[in-house]
Structures are given as C-alpha cells and as structure tokens.
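Here is the file my_file.pdb (PDB, C-alpha atoms).
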```
ATOM      1  CA  MET A   1      72.936   8.143 -12.726
ATOM      2  CA  ARG A   2      72.448  11.527 -14.311
ATOM      3  CA  ILE A   3      68.902  12.973 -14.042
ATOM      4  CA  SER A   4      68.144  15.038 -17.110
ATOM      5  CA  ASN A   5      65.985  18.156 -17.161
ATOM      6  CA  ASN A   6      63.422  16.321 -19.279
ATOM      7  CA  ILE A   7      62.974  13.683 -16.566
ATOM      8  CA  THR A   8      62.683  16.365 -13.900
ATOM      9  CA  TYR A   9      60.103  18.303 -15.889
ATOM     10  CA  SER A  10      58.154  15.137 -16.744
ATOM     11  CA  ASP A  11      58.017  14.076 -13.075
ATOM     12  CA  PHE A  12      56.972  17.569 -12.094
ATOM     13  CA  MET A  13      54.163  17.719 -14.665
ATOM     14  CA  ARG A  14      52.920  14.249 -13.698
ATOM     15  CA  ASN A  15      52.832  15.126 -10.006
ATOM     16  CA  LEU A  16      51.182  18.448 -10.742
ATOM     17  CA  SER A  17      48.531  16.760 -12.851
ATOM     18  CA  THR A  18      47.896  14.119 -10.175
ATOM     19  CA  ASN A  19      47.505  16.679  -7.404
ATOM     20  CA  ALA A  20      45.303  18.923  -9.561
ATOM     21  CA  SER A  21      43.094  15.924 -10.408
ATOM     22  CA  LYS A  22      42.709  15.057  -6.721
ATOM     23  CA  VAL A  23      41.792  18.634  -5.870
ATOM     24  CA  GLN A  24      39.247  18.754  -8.697
ATOM     25  CA  THR A  25      37.695  15.443  -7.646
ATOM     26  CA  THR A  26      37.331  16.608  -4.055
ATOM     27  CA  LEU A  27      35.857  19.946  -5.179
ATOM     28  CA  ASN A  28      33.288  18.063  -7.299
ATOM     29  CA  GLN A  29      32.381  15.887  -4.300
ATOM     30  CA  ILE A  30      31.935  18.908  -2.035
ATOM     31  CA  SER A  31      29.881  20.844  -4.569
ATOM     32  CA  SER A  32      27.626  17.872  -5.481
ATOM     33  CA  MET A  33      27.566  16.416  -1.957
ATOM     34  CA  LYS A  34      28.007  12.990  -3.590
ATOM     35  CA  GLU A  35      30.919  10.567  -3.388
ATOM     36  CA  VAL A  36      30.684   9.697  -7.080
ATOM     37  CA  SER A  37      29.240  11.504 -10.063
ATOM     38  CA  LYS A  38      29.868   8.901 -12.764
ATOM     39  CA  SER A  39      30.389   5.160 -12.873
ATOM     40  CA  SER A  40      34.070   5.424 -13.757
ATOM     41  CA  ASP A  41      34.789   7.141 -10.421
ATOM     42  CA  ASN A  42      34.190   3.911  -8.477
ATOM     43  CA  PRO A  43      32.357   1.163 -10.423
ATOM     44  CA  LEU A  44      31.768  -1.086  -7.390
ATOM     45  CA  LEU A  45      30.400   1.738  -5.250
ATOM     46  CA  VAL A  46      28.193   2.987  -8.094
ATOM     47  CA  SER A  47      26.805  -0.536  -8.503
ATOM     48  CA  LYS A  48      25.905  -0.700  -4.807
ATOM     49  CA  ILE A  49      24.303   2.752  -4.934
ATOM     50  CA  MET A  50      22.209   1.749  -7.954
ATOM     51  CA  ASP A  51      21.042  -1.421  -6.170
ATOM     52  CA  LEU A  52      20.070   0.625  -3.126
ATOM     53  CA  ASN A  53      18.124   3.101  -5.268
ATOM     54  CA  VAL A  54      16.253   0.208  -6.903
ATOM     55  CA  SER A  55      15.454  -1.231  -3.469
ATOM     56  CA  LEU A  56      14.198   2.160  -2.275
ATOM     57  CA  SER A  57      12.009   2.510  -5.350
ATOM     58  CA  LYS A  58      10.498  -0.939  -4.773
ATOM     59  CA  ASN A  59      10.027  -0.143  -1.104
ATOM     60  CA  GLU A  60       8.131   3.026  -2.004
ATOM     61  CA  THR A  61       5.885   1.034  -4.333
ATOM     62  CA  TYR A  62       5.176  -1.461  -1.548
ATOM     63  CA  SER A  63       4.484   1.433   0.819
ATOM     64  CA  ASN A  64       1.888   2.888  -1.570
ATOM     65  CA  THR A  65       0.299  -0.536  -2.017
ATOM     66  CA  ILE A  66       0.089  -1.065   1.740
ATOM     67  CA  ALA A  67      -1.399   2.391   2.300
ATOM     68  CA  ASP A  68      -4.019   1.786  -0.405
ATOM     69  CA  SER A  69      -4.822  -1.638   1.049
ATOM     70  CA  ILE A  70      -5.237  -0.187   4.540
ATOM     71  CA  SER A  71      -7.627   2.439   3.195
ATOM     72  CA  TRP A  72      -9.506  -0.312   1.335
ATOM     73  CA  THR A  73      -9.980  -2.405   4.485
ATOM     74  CA  LYS A  74     -11.011   0.661   6.494
ATOM     75  CA  ALA A  75     -13.696   1.463   3.915
ATOM     76  CA  GLN A  76     -14.913  -2.138   3.995
ATOM     77  CA  ASP A  77     -15.056  -2.144   7.781
ATOM     78  CA  ALA A  78     -17.113   1.060   7.787
ATOM     79  CA  THR A  79     -19.433  -0.436   5.174
ATOM     80  CA  LEU A  80     -19.997  -3.667   7.091
ATOM     81  CA  ASP A  81     -20.538  -1.672  10.275
ATOM     82  CA  SER A  82     -23.427   0.044   8.519
ATOM     83  CA  VAL A  83     -24.738  -3.307   7.242
ATOM     84  CA  SER A  84     -24.556  -4.813  10.739
ATOM     85  CA  THR A  85     -26.531  -1.868  12.112
ATOM     86  CA  SER A  86     -29.206  -2.449   9.460
ATOM     87  CA  MET A  87     -29.315  -6.176  10.238
ATOM     88  CA  LEU A  88     -29.714  -5.389  13.944
ATOM     89  CA  ARG A  89     -32.617  -3.078  13.138
ATOM     90  CA  ILE A  90     -34.231  -5.768  10.962
ATOM     91  CA  ARG A  91     -33.973  -8.233  13.855
ATOM     92  CA  SER A  92     -35.757  -5.806  16.141
ATOM     93  CA  LEU A  93     -38.522  -5.409  13.547
ATOM     94  CA  ILE A  94     -38.833  -9.190  13.203
ATOM     95  CA  GLN A  95     -39.268  -9.545  16.958
ATOM     96  CA  SER A  96     -41.817  -6.743  16.950
ATOM     97  CA  SER A  97     -43.724  -8.344  14.068
ATOM     98  CA  ALA A  98     -43.687 -11.796  15.731
ATOM     99  CA  ASN A  99     -45.461 -10.357  18.765
ATOM    100  CA  ALA A 100     -48.959 -11.771  18.986
ATOM    101  CA  THR A 101     -50.404  -8.312  19.596
ATOM    102  CA  ALA A 102     -48.941  -6.872  16.383
ATOM    103  CA  GLY A 103     -51.751  -5.831  14.051
ATOM    104  CA  SER A 104     -51.835  -5.645  10.270
ATOM    105  CA  ASP A 105     -50.968  -1.952  10.211
ATOM    106  CA  GLU A 106     -47.891  -2.540  12.362
ATOM    107  CA  LEU A 107     -46.839  -5.440  10.147
ATOM    108  CA  LYS A 108     -47.130  -3.290   7.040
ATOM    109  CA  ALA A 109     -45.113  -0.528   8.661
ATOM    110  CA  ASN A 110     -42.456  -3.016   9.743
ATOM    111  CA  GLN A 111     -42.415  -4.573   6.280
ATOM    112  CA  SER A 112     -41.932  -1.174   4.684
ATOM    113  CA  GLU A 113     -39.070  -0.333   7.050
ATOM    114  CA  ILE A 114     -37.415  -3.713   6.486
ATOM    115  CA  GLU A 115     -37.568  -3.142   2.735
ATOM    116  CA  GLN A 116     -35.892   0.214   3.264
ATOM    117  CA  GLU A 117     -33.204  -1.441   5.390
ATOM    118  CA  ILE A 118     -32.615  -4.055   2.687
ATOM    119  CA  SER A 119     -32.237  -1.302   0.105
ATOM    120  CA  GLY A 120     -29.847   0.458   2.485
ATOM    121  CA  ILE A 121     -27.796  -2.730   2.874
ATOM    122  CA  VAL A 122     -27.467  -3.016  -0.906
ATOM    123  CA  GLU A 123     -26.459   0.641  -1.187
ATOM    124  CA  SER A 124     -23.816   0.146   1.506
ATOM    125  CA  LEU A 125     -22.421  -2.987  -0.140
ATOM    126  CA  ASN A 126     -22.218  -1.043  -3.409
ATOM    127  CA  THR A 127     -19.830   1.466  -1.845
ATOM    128  CA  ASN A 128     -17.281   2.723  -4.365
ATOM    129  CA  PHE A 129     -13.757   3.387  -3.127
ATOM    130  CA  ASP A 130     -11.443   5.389  -5.378
ATOM    131  CA  GLY A 131     -13.330   4.309  -8.500
ATOM    132  CA  ARG A 132     -13.536   0.638  -7.424
ATOM    133  CA  TYR A 133     -16.413  -1.260  -5.834
ATOM    134  CA  LEU A 134     -15.412  -2.855  -2.553
ATOM    135  CA  PHE A 135     -17.279  -6.150  -2.853
ATOM    136  CA  SER A 136     -17.437  -6.960  -6.567
ATOM    137  CA  GLY A 137     -14.462  -9.337  -6.692
ATOM    138  CA  THR A 138     -12.158  -8.684  -9.618
ATOM    139  CA  ASN A 139     -14.919  -6.904 -11.538
ATOM    140  CA  THR A 140     -14.330  -3.670  -9.640
ATOM    141  CA  THR A 141     -16.088  -1.405 -12.150
ATOM    142  CA  THR A 142     -19.511  -3.037 -11.795
ATOM    143  CA  ALA A 143     -21.838  -2.527  -8.833
ATOM    144  CA  PRO A 144     -21.871  -5.924  -7.088
ATOM    145  CA  PHE A 145     -25.373  -5.991  -5.601
ATOM    146  CA  GLU A 146     -28.840  -5.102  -6.783
ATOM    147  CA  VAL A 147     -32.332  -5.304  -5.318
ATOM    148  CA  ILE A 148     -34.665  -7.757  -7.038
ATOM    149  CA  LYS A 149     -38.246  -6.540  -7.304
ATOM    150  CA  ASP A 150     -41.506  -8.026  -8.540
ATOM    151  CA  ASN A 151     -44.235  -5.451  -9.177
ATOM    152  CA  ASP A 152     -42.338  -2.953  -7.003
ATOM    153  CA  ALA A 153     -42.154  -5.482  -4.158
ATOM    154  CA  ILE A 154     -38.704  -6.568  -2.994
ATOM    155  CA  VAL A 155     -38.209 -10.306  -3.387
ATOM    156  CA  GLY A 156     -34.475 -10.536  -2.702
ATOM    157  CA  ILE A 157     -31.064  -9.271  -3.707
ATOM    158  CA  LYS A 158     -28.619 -10.404  -6.399
ATOM    159  CA  TYR A 159     -24.832 -10.577  -6.482
ATOM    160  CA  ASN A 160     -23.236  -9.596  -9.813
ATOM    161  CA  GLY A 161     -19.571  -9.696  -8.866
ATOM    162  CA  THR A 162     -16.967 -12.445  -9.082
ATOM    163  CA  SER A 163     -15.838 -14.891  -6.405
ATOM    164  CA  GLN A 164     -12.188 -13.782  -6.384
ATOM    165  CA  ASP A 165     -10.297 -11.544  -3.998
ATOM    166  CA  LEU A 166      -7.704  -8.952  -5.041
ATOM    167  CA  PRO A 167      -4.036 -10.008  -4.624
ATOM    168  CA  ARG A 168      -1.579  -7.350  -3.525
ATOM    169  CA  GLU A 169       2.214  -7.632  -3.136
ATOM    170  CA  ILE A 170       3.246  -5.809   0.043
ATOM    171  CA  ALA A 171       6.912  -6.904   0.197
ATOM    172  CA  SER A 172       9.374  -8.889  -1.855
ATOM    173  CA  GLY A 173       7.809 -12.339  -2.159
ATOM    174  CA  VAL A 174       4.966 -11.445   0.244
ATOM    175  CA  SER A 175       1.383 -11.085  -1.001
ATOM    176  CA  VAL A 176      -2.020 -10.701   0.626
ATOM    177  CA  ASN A 177      -5.525 -11.023  -0.745
ATOM    178  CA  LEU A 178      -7.762  -8.027  -0.172
ATOM    179  CA  MET A 179     -11.248  -9.240   0.633
ATOM    180  CA  ALA A 180     -13.400  -8.372  -2.402
ATOM    181  CA  ASP A 181     -15.548 -11.473  -2.903
ATOM    182  CA  GLY A 182     -18.998 -10.186  -2.020
ATOM    183  CA  SER A 183     -20.517 -13.634  -2.491
ATOM    184  CA  ARG A 184     -19.254 -14.477   1.008
ATOM    185  CA  LEU A 185     -21.798 -12.034   2.383
ATOM    186  CA  MET A 186     -24.567 -13.986   0.641
ATOM    187  CA  ASN A 187     -23.537 -17.074   2.673
ATOM    188  CA  GLU A 188     -24.752 -19.594   0.127
ATOM    189  CA  THR A 189     -25.520 -22.967   1.738
ATOM    190  CA  GLY A 190     -27.816 -24.402  -0.914
ATOM    191  CA  THR A 191     -27.252 -25.489  -4.500
ATOM    192  CA  ALA A 192     -27.474 -23.849  -7.889
ATOM    193  CA  THR A 193     -30.957 -25.304  -8.416
ATOM    194  CA  ASP A 194     -32.094 -24.836  -4.828
ATOM    195  CA  PRO A 195     -30.278 -21.783  -3.433
ATOM    196  CA  GLU A 196     -30.362 -20.845   0.206
ATOM    197  CA  ASN A 197     -28.680 -17.543   0.929
ATOM    198  CA  LEU A 198     -29.215 -14.002   2.151
ATOM    199  CA  SER A 199     -31.418 -13.259  -0.852
ATOM    200  CA  THR A 200     -33.772 -16.209  -0.270
ATOM    201  CA  TYR A 201     -33.849 -15.313   3.411
ATOM    202  CA  PHE A 202     -35.004 -11.765   2.678
ATOM    203  CA  ASN A 203     -37.637 -13.174   0.314
ATOM    204  CA  ASP A 204     -38.922 -15.606   2.962
ATOM    205  CA  LEU A 205     -38.916 -12.848   5.575
ATOM    206  CA  LEU A 206     -40.957 -10.435   3.486
ATOM    207  CA  SER A 207     -43.336 -13.215   2.440
ATOM    208  CA  ALA A 208     -43.955 -14.081   6.100
ATOM    209  CA  LEU A 209     -44.666 -10.428   6.880
ATOM    210  CA  ARG A 210     -47.128 -10.184   3.997
ATOM    211  CA  SER A 211     -48.923 -13.350   5.101
ATOM    212  CA  ASP A 212     -48.761 -12.535   8.839
ATOM    213  CA  ASP A 213     -46.922 -15.795   9.586
ATOM    214  CA  LYS A 214     -45.925 -15.086  13.181
ATOM    215  CA  ASP A 215     -44.762 -18.643  13.811
ATOM    216  CA  ALA A 216     -42.166 -18.377  11.040
ATOM    217  CA  LEU A 217     -41.142 -14.908  12.189
ATOM    218  CA  SER A 218     -40.530 -16.023  15.747
ATOM    219  CA  GLY A 219     -38.991 -19.357  14.799
ATOM    220  CA  ASP A 220     -36.960 -20.259  11.727
ATOM    221  CA  LEU A 221     -36.689 -16.742  10.300
ATOM    222  CA  LEU A 222     -35.351 -15.251  13.524
ATOM    223  CA  ALA A 223     -32.792 -18.046  13.856
ATOM    224  CA  ALA A 224     -31.817 -17.686  10.192
ATOM    225  CA  HIS A 225     -31.410 -13.954  10.651
ATOM    226  CA  ASP A 226     -28.831 -14.532  13.393
ATOM    227  CA  THR A 227     -26.938 -16.901  11.076
ATOM    228  CA  TYR A 228     -26.665 -14.331   8.281
ATOM    229  CA  ALA A 229     -25.932 -11.463  10.678
ATOM    230  CA  ASN A 230     -23.153 -13.515  12.306
ATOM    231  CA  ASN A 231     -21.710 -14.301   8.874
ATOM    232  CA  ILE A 232     -21.392 -10.575   8.177
ATOM    233  CA  VAL A 233     -19.666 -10.140  11.550
ATOM    234  CA  ASN A 234     -17.282 -12.998  10.688
ATOM    235  CA  VAL A 235     -16.392 -11.435   7.344
ATOM    236  CA  ARG A 236     -15.792  -8.141   9.112
ATOM    237  CA  ALA A 237     -13.519  -9.926  11.610
ATOM    238  CA  GLN A 238     -11.477 -11.382   8.733
ATOM    239  CA  ILE A 239     -11.087  -7.899   7.297
ATOM    240  CA  GLY A 240      -9.977  -6.678  10.731
ATOM    241  CA  THR A 241      -7.332  -9.404  10.875
ATOM    242  CA  LEU A 242      -6.052  -8.360   7.462
ATOM    243  CA  TYR A 243      -6.001  -4.727   8.590
ATOM    244  CA  ASN A 244      -3.785  -5.635  11.552
ATOM    245  CA  ARG A 245      -1.413  -7.498   9.244
ATOM    246  CA  LEU A 246      -1.232  -4.529   6.898
ATOM    247  CA  GLU A 247      -0.507  -2.173   9.795
ATOM    248  CA  ALA A 248       2.374  -4.420  10.862
ATOM    249  CA  ALA A 249       3.603  -4.524   7.254
ATOM    250  CA  ALA A 250       3.488  -0.725   7.112
ATOM    251  CA  ASP A 251       5.676  -0.501  10.233
ATOM    252  CA  ARG A 252       8.191  -2.951   8.759
ATOM    253  CA  ASN A 253       8.169  -1.088   5.474
ATOM    254  CA  GLU A 254       8.904   2.206   7.213
ATOM    255  CA  THR A 255      11.762   0.648   9.180
ATOM    256  CA  GLU A 256      13.225  -0.899   6.039
ATOM    257  CA  ASN A 257      12.930   2.420   4.236
ATOM    258  CA  LEU A 258      14.862   4.177   7.016
ATOM    259  CA  ASN A 259      17.572   1.502   6.941
ATOM    260  CA  LEU A 260      17.917   1.676   3.165
ATOM    261  CA  THR A 261      18.006   5.473   3.219
ATOM    262  CA  GLU A 262      20.692   5.473   5.905
ATOM    263  CA  THR A 263      22.776   2.888   4.032
ATOM    264  CA  LEU A 264      22.449   4.846   0.799
ATOM    265  CA  SER A 265      23.455   8.047   2.556
ATOM    266  CA  ASN A 266      26.525   6.374   4.040
ATOM    267  CA  LYS A 267      27.661   5.187   0.626
ATOM    268  CA  GLN A 268      26.569   8.123  -1.510
ATOM    269  CA  ASP A 269      26.696  11.310   0.542
ATOM    270  CA  VAL A 270      29.933  12.997   1.564
ATOM    271  CA  ASP A 271      31.005  13.990   5.055
ATOM    272  CA  VAL A 272      31.473  17.724   4.489
ATOM    273  CA  ALA A 273      33.914  18.246   7.393
ATOM    274  CA  GLU A 274      36.019  15.257   6.375
ATOM    275  CA  LYS A 275      36.053  16.266   2.710
ATOM    276  CA  TYR A 276      36.977  19.836   3.539
ATOM    277  CA  MET A 277      39.954  18.653   5.590
ATOM    278  CA  GLU A 278      40.920  16.368   2.702
ATOM    279  CA  TYR A 279      40.614  19.316   0.321
ATOM    280  CA  GLN A 280      42.861  21.458   2.528
ATOM    281  CA  ASN A 281      45.547  18.745   2.593
ATOM    282  CA  GLN A 282      45.345  18.285  -1.151
ATOM    283  CA  MET A 283      45.609  22.041  -1.741
ATOM    284  CA  THR A 284      48.713  22.133   0.462
ATOM    285  CA  ALA A 285      50.290  19.387  -1.626
ATOM    286  CA  TYR A 286      49.224  21.088  -4.850
ATOM    287  CA  GLN A 287      50.657  24.449  -3.800
ATOM    288  CA  ALA A 288      53.887  22.787  -2.697
ATOM    289  CA  THR A 289      54.176  21.168  -6.115
ATOM    290  CA  LEU A 290      53.650  24.546  -7.786
ATOM    291  CA  ALA A 291      56.272  26.144  -5.565
ATOM    292  CA  MET A 292      58.773  23.426  -6.407
ATOM    293  CA  GLY A 293      57.920  23.828 -10.079
ATOM    294  CA  THR A 294      58.833  27.490 -10.037
ATOM    295  CA  LYS A 295      62.283  26.596  -8.698
ATOM    296  CA  ILE A 296      62.798  23.819 -11.247
ATOM    297  CA  MET A 297      61.751  25.963 -14.173
ATOM    298  CA  GLN A 298      64.049  28.799 -13.123
ATOM    299  CA  MET A 299      67.082  26.578 -13.700
ATOM    300  CA  THR A 300      69.164  27.238 -16.856
ATOM    301  CA  ILE A 301      72.453  25.924 -18.262
ATOM    302  CA  LEU A 302      74.256  28.623 -16.312
ATOM    303  CA  ASP A 303      73.247  26.784 -13.067
ATOM    304  CA  TYR A 304      75.498  23.899 -14.171
ATOM    305  CA  ILE A 305      78.537  26.038 -15.149
ATOM    306  CA  ASN A 306      80.941  26.518 -12.334
TER     307      ASN A 306
END
```
Please express the file's structure as structure tokens.
Amino acid sequence: MRISNNITYSDFMRNLSTNASKVQTTLNQISSMKEVSKSSDNPLLVSKIMDLNVSLSKNETYSNTIADSISWTKAQDATLDSVSTSMLRIRSLIQSSANATAGSDELKANQSEIEQEISGIVESLNTNFDGRYLFSGTNTTTAPFEVIKDNDAIVGIKYNGTSQDLPREIASGVSVNLMADGSRLMNETGTATDPENLSTYFNDLLSALRSDDKDALSGDLLAAHDTYANNIVNVRAQIGTLYNRLEAAADRNETENLNLTETLSNKQDVDVAEKYMEYQNQMTAYQATLAMGTKIMQMTILDYIN
C-alpha cells in the first residue's frame, strides 16, 4: 500500500501535537505542584480531592468546636473551684458560730462574712466566657444568678437561666452536651410551692445566725451545708468527665486531620523528582519527533525520481 505525503504529514502533526500536549501537561503539574488543575484532567481524581477537602473543612470545624468546648469546661472548673472554696469557708464559719462560747459580736462578724461569701459565689457563677455566661443554660446572654435582698439583708439567691445544656457536635454523628444548666447547682429537692434548695438553705442559715440558733447551726444546717457543697463537687466531677472526653476527641481529631492531609497530599501533590524524570522522557520524545519532522519536510518530488 502506497503511503502518501499527506498521510505522513498528518501522522507527524498528530504525534507532534500529542507529545507537545504531554510536555505542557507535565510542565503545568511541576509549576503548580498539583496533579490536576481542572476537572477535565481527571474527573474521578478531582472528585476524590474535592471530597477530601470537604472532609478537612469539616474536621477543622470540629477541631474549633472541641477547642472552644475544652476552654468552656476549663472556665467552669475554675469557677466551681472558687465556689467550693467559698462553701468550705462558710462551713468553717458555721462551726465557729455554733460554738457555745461564740458571742453576739462574733456571730455578727461571721454573718457579715458569710453574706460576702454568698455574694462571691453568685459573682463566680455569673462568670462570662467569651461573651457567654457559663451557667445560664441556653440563655447565655443573661446573668444566671442574682442575690435576693430584703432591706439590704441577703435572704437567698435566684436562678434566672434555663434548664438546658448546650449541644455541640464534635465529630460526624457525635455530639456532647456542655454543662450549662445552672439550676443543678441549686439542687432543688422541694416543690414549686415549697422549694428546698441552695437559696432556701442560705436564707435559713442567715436567719439562724441572726437569731443565735446554735442548735440549728450545729445540727440540720451543718448537715445541709455538706449536701449542697457535695452537689457542687459532683457537678464539677461531671464537668471533669466531659473535659476528659473532649481531650480524647481532640486527639482523635488531630489524628484524623493528619490522615486526611496525607491522603490529600498523595492524591493532589506531585512527586517533583518523578515528574521531572517524566518531563525529561517526554522532552526526549518531543525532540525526536521534531528531528524526524525536519527530515520528512525536506522531502520533495525529486526524492522519488530516480
């Protein structure tokens, strides 16, 4: 079969175009350090890269949520540590006031200090973290606790928050509830019409101090104090358990982020040494095609006349 010049030239131009395209593609990969620059280069690979980028973005969001939640629980723990210290001081003052040798002046001094400790407890529980109150439930913009006074005398405290915690998603399909329900600290055991909580306890305590009721101070009030102090410790322990879970979640999140980043790099980033060798081979083929083209194009009709 006779091969015409047109066929020869067409094959040459097609091969030249193919080799030039390969060289250009490899140059683009080396210069961008990416395997693909547009979806048409490799649709399946681009789809996988996009999925990995979405996963990394979600993972970063979870990481920020976990970090914020850890900071939240740390702030709560510090707050309840302060409250526990105040409750311990109040217990010491109750024991001092229940002493039979305690006079009226000592009782008044103890009463005044206990009132200051109660005010300090309320101030601690009203701690604001990053523009949000720690123990106000879902109503994070309103101070959760306030001191109730009657003619400048403290008669209790009041909770103004909600009874819900704050849900946070820390991984795909995994959520935790940040402790925010400050009503737990009130430890309500009574009813709506006959409440019995931290507020009524403080009221009974101060009333006993004002009336010099040493029997109540050394008996029911001291026992009740331990109940409310232990409740605060229990709430703090629950927060500590959540903190440990969040720390473990942070470790898993970091590991997952490293794995996703490595997988993305393997699919998206080029191996410079490998690509350079590929480029050298392609340039050799391209130059060989050019060299052959110069010989083909030098042929004229005289080459066929013998």
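Counting only C-alpha atoms and comparing A:Leu246, A:Val46, A:Ile121, A:Val83, the residue that lies closest to A:Gln268 is A:Val46.
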Exercise. Do a neighbour search on A:Gln76 at 9 Å with all atoms listed in the file, toss out local chain neighbours closer than 3 positions, and write the hits as number ranges by chain.
Key: A: 71-73, 79-81, 125, 127, 134-135, 179, 236, 239
Counting only C-alpha atoms, give me one row per residue of stretch 42-133 of chain A with an atom at most 12 Å from an atom of stretch 184-203 of chain A, showing the shortest contact pair and its distance in Å to one decimal, sorted by chain then residue number, as CSV.
```
residue,atom,partner,partner_atom,distance
A:Leu80,CA,A:Leu185,CA,9.8
A:Val83,CA,A:Leu185,CA,10.4
A:Ser84,CA,A:Leu185,CA,11.4
A:Met87,CA,A:Phe202,CA,11.0
A:Ile90,CA,A:Phe202,CA,10.3
A:Arg91,CA,A:Phe202,CA,11.8
A:Ile94,CA,A:Phe202,CA,11.5
A:Gln111,CA,A:Phe202,CA,10.9
A:Ile114,CA,A:Phe202,CA,9.2
A:Glu115,CA,A:Phe202,CA,9.0
A:Glu117,CA,A:Phe202,CA,10.8
A:Ile118,CA,A:Phe202,CA,8.1
A:Ser119,CA,A:Phe202,CA,11.1
A:Ile121,CA,A:Leu185,CA,11.1
A:Val122,CA,A:Ser199,CA,11.0
A:Leu125,CA,A:Leu185,CA,9.4
```
Could the residues in this selection be saved with C-alpha atoms as an mmCIF file, in the coordinates of the input?
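What landed in out_35.cif:
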```cif
data_model
loop_
_atom_site.group_PDB
_atom_site.id
_atom_site.type_symbol
_atom_site.label_atom_id
_atom_site.label_comp_id
_atom_site.auth_asym_id
_atom_site.auth_seq_id
_atom_site.Cartn_x
_atom_site.Cartn_y
_atom_site.Cartn_z
ATOM 1 C CA LEU A 80 -19.997 -3.667 7.091
ATOM 2 C CA VAL A 83 -24.738 -3.307 7.242
ATOM 3 C CA SER A 84 -24.556 -4.813 10.739
ATOM 4 C CA MET A 87 -29.315 -6.176 10.238
ATOM 5 C CA ILE A 90 -34.231 -5.768 10.962
ATOM 6 C CA ARG A 91 -33.973 -8.233 13.855
ATOM 7 C CA ILE A 94 -38.833 -9.190 13.203
ATOM 8 C CA GLN A 111 -42.415 -4.573 6.280
ATOM 9 C CA ILE A 114 -37.415 -3.713 6.486
ATOM 10 C CA GLU A 115 -37.568 -3.142 2.735
ATOM 11 C CA GLU A 117 -33.204 -1.441 5.390
ATOM 12 C CA ILE A 118 -32.615 -4.055 2.687
ATOM 13 C CA SER A 119 -32.237 -1.302 0.105
ATOM 14 C CA ILE A 121 -27.796 -2.730 2.874
ATOM 15 C CA VAL A 122 -27.467 -3.016 -0.906
ATOM 16 C CA LEU A 125 -22.421 -2.987 -0.140
#
```
Using all atoms listed in the file, find each residue in stretch 225-269 of chain A having at least one atom no more than 7 Å away from stretch 52-59 of chain A; report its shortest atom-to-atom pair and that distance in Å (one decimal), rows by chain then rising number, as CSV.
```
residue,atom,partner,partner_atom,distance
A:Asn253,CA,A:Asn59,CA,6.9
A:Asn257,CA,A:Asn59,CA,6.6
A:Leu260,CA,A:Leu56,CA,6.6
A:Leu264,CA,A:Leu52,CA,6.2
```
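Using all atoms listed in the file, the contacts of A:Ile157 at a cut-off of 7 Å, with sequence neighbours closer than 2 positions omitted, comprise Phe145, Glu146, Val147, Ile148, Tyr159 and Ser199 of chain A.
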Picked residues, the PyMOL selection byres ((chain A and resi 170) around 8), as a PDB file with C-alpha atoms, keeping the file's coordinate frame:
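The resulting out20.pdb:
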```pdb
ATOM      1  CA  TYR A  62       5.176  -1.461  -1.548  1.00  0.00           C
ATOM      2  CA  SER A  63       4.484   1.433   0.819  1.00  0.00           C
ATOM      3  CA  THR A  65       0.299  -0.536  -2.017  1.00  0.00           C
ATOM      4  CA  ILE A  66       0.089  -1.065   1.740  1.00  0.00           C
ATOM      5  CA  ARG A 168      -1.579  -7.350  -3.525  1.00  0.00           C
ATOM      6  CA  GLU A 169       2.214  -7.632  -3.136  1.00  0.00           C
ATOM      7  CA  ALA A 171       6.912  -6.904   0.197  1.00  0.00           C
ATOM      8  CA  SER A 172       9.374  -8.889  -1.855  1.00  0.00           C
ATOM      9  CA  VAL A 174       4.966 -11.445   0.244  1.00  0.00           C
ATOM     10  CA  SER A 175       1.383 -11.085  -1.001  1.00  0.00           C
ATOM     11  CA  VAL A 176      -2.020 -10.701   0.626  1.00  0.00           C
ATOM     12  CA  ALA A 249       3.603  -4.524   7.254  1.00  0.00           C
TER      13      ALA A 249
END
```
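Distances from A:Glu278, A:Glu254, A:Asp215, A:Asp51 to A:Ser97 were compared using all atoms listed in the file, and the smallest one belongs to A:Asp215.
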Self-check item: Gap from atom CA of A:Asp77 to atom CA of A:Leu178 - Å, one decimal
Solution: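 Answer for the atom CA of A:Asp77 to atom CA of A:Leu178 separation: 12.3 Å.
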Quiz prompt | Which of A:Asn126, A:Leu93, A:Leu88, A:Ser69 sits closest to A:Asn177 [using all atoms listed in the file] | solution = A:Ser69
Self-check item: Separation of atom CA of A:Ser17 from atom CA of A:Asn281, in Å and rounded to one decimal
Solution: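 Computing it gives 15.9 Å between the two atoms.
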Could you write out as lines of an AutoDock Vina configuration file the box around stretch 53-65 of chain A (axis-aligned, all atoms listed in the file, 8 Å on each side), with centre and edge lengths in Å to one decimal?
```
center_x = 9.2
center_y = 0.8
center_z = -3.0
size_x = 33.8
size_y = 20.6
size_z = 23.7
```
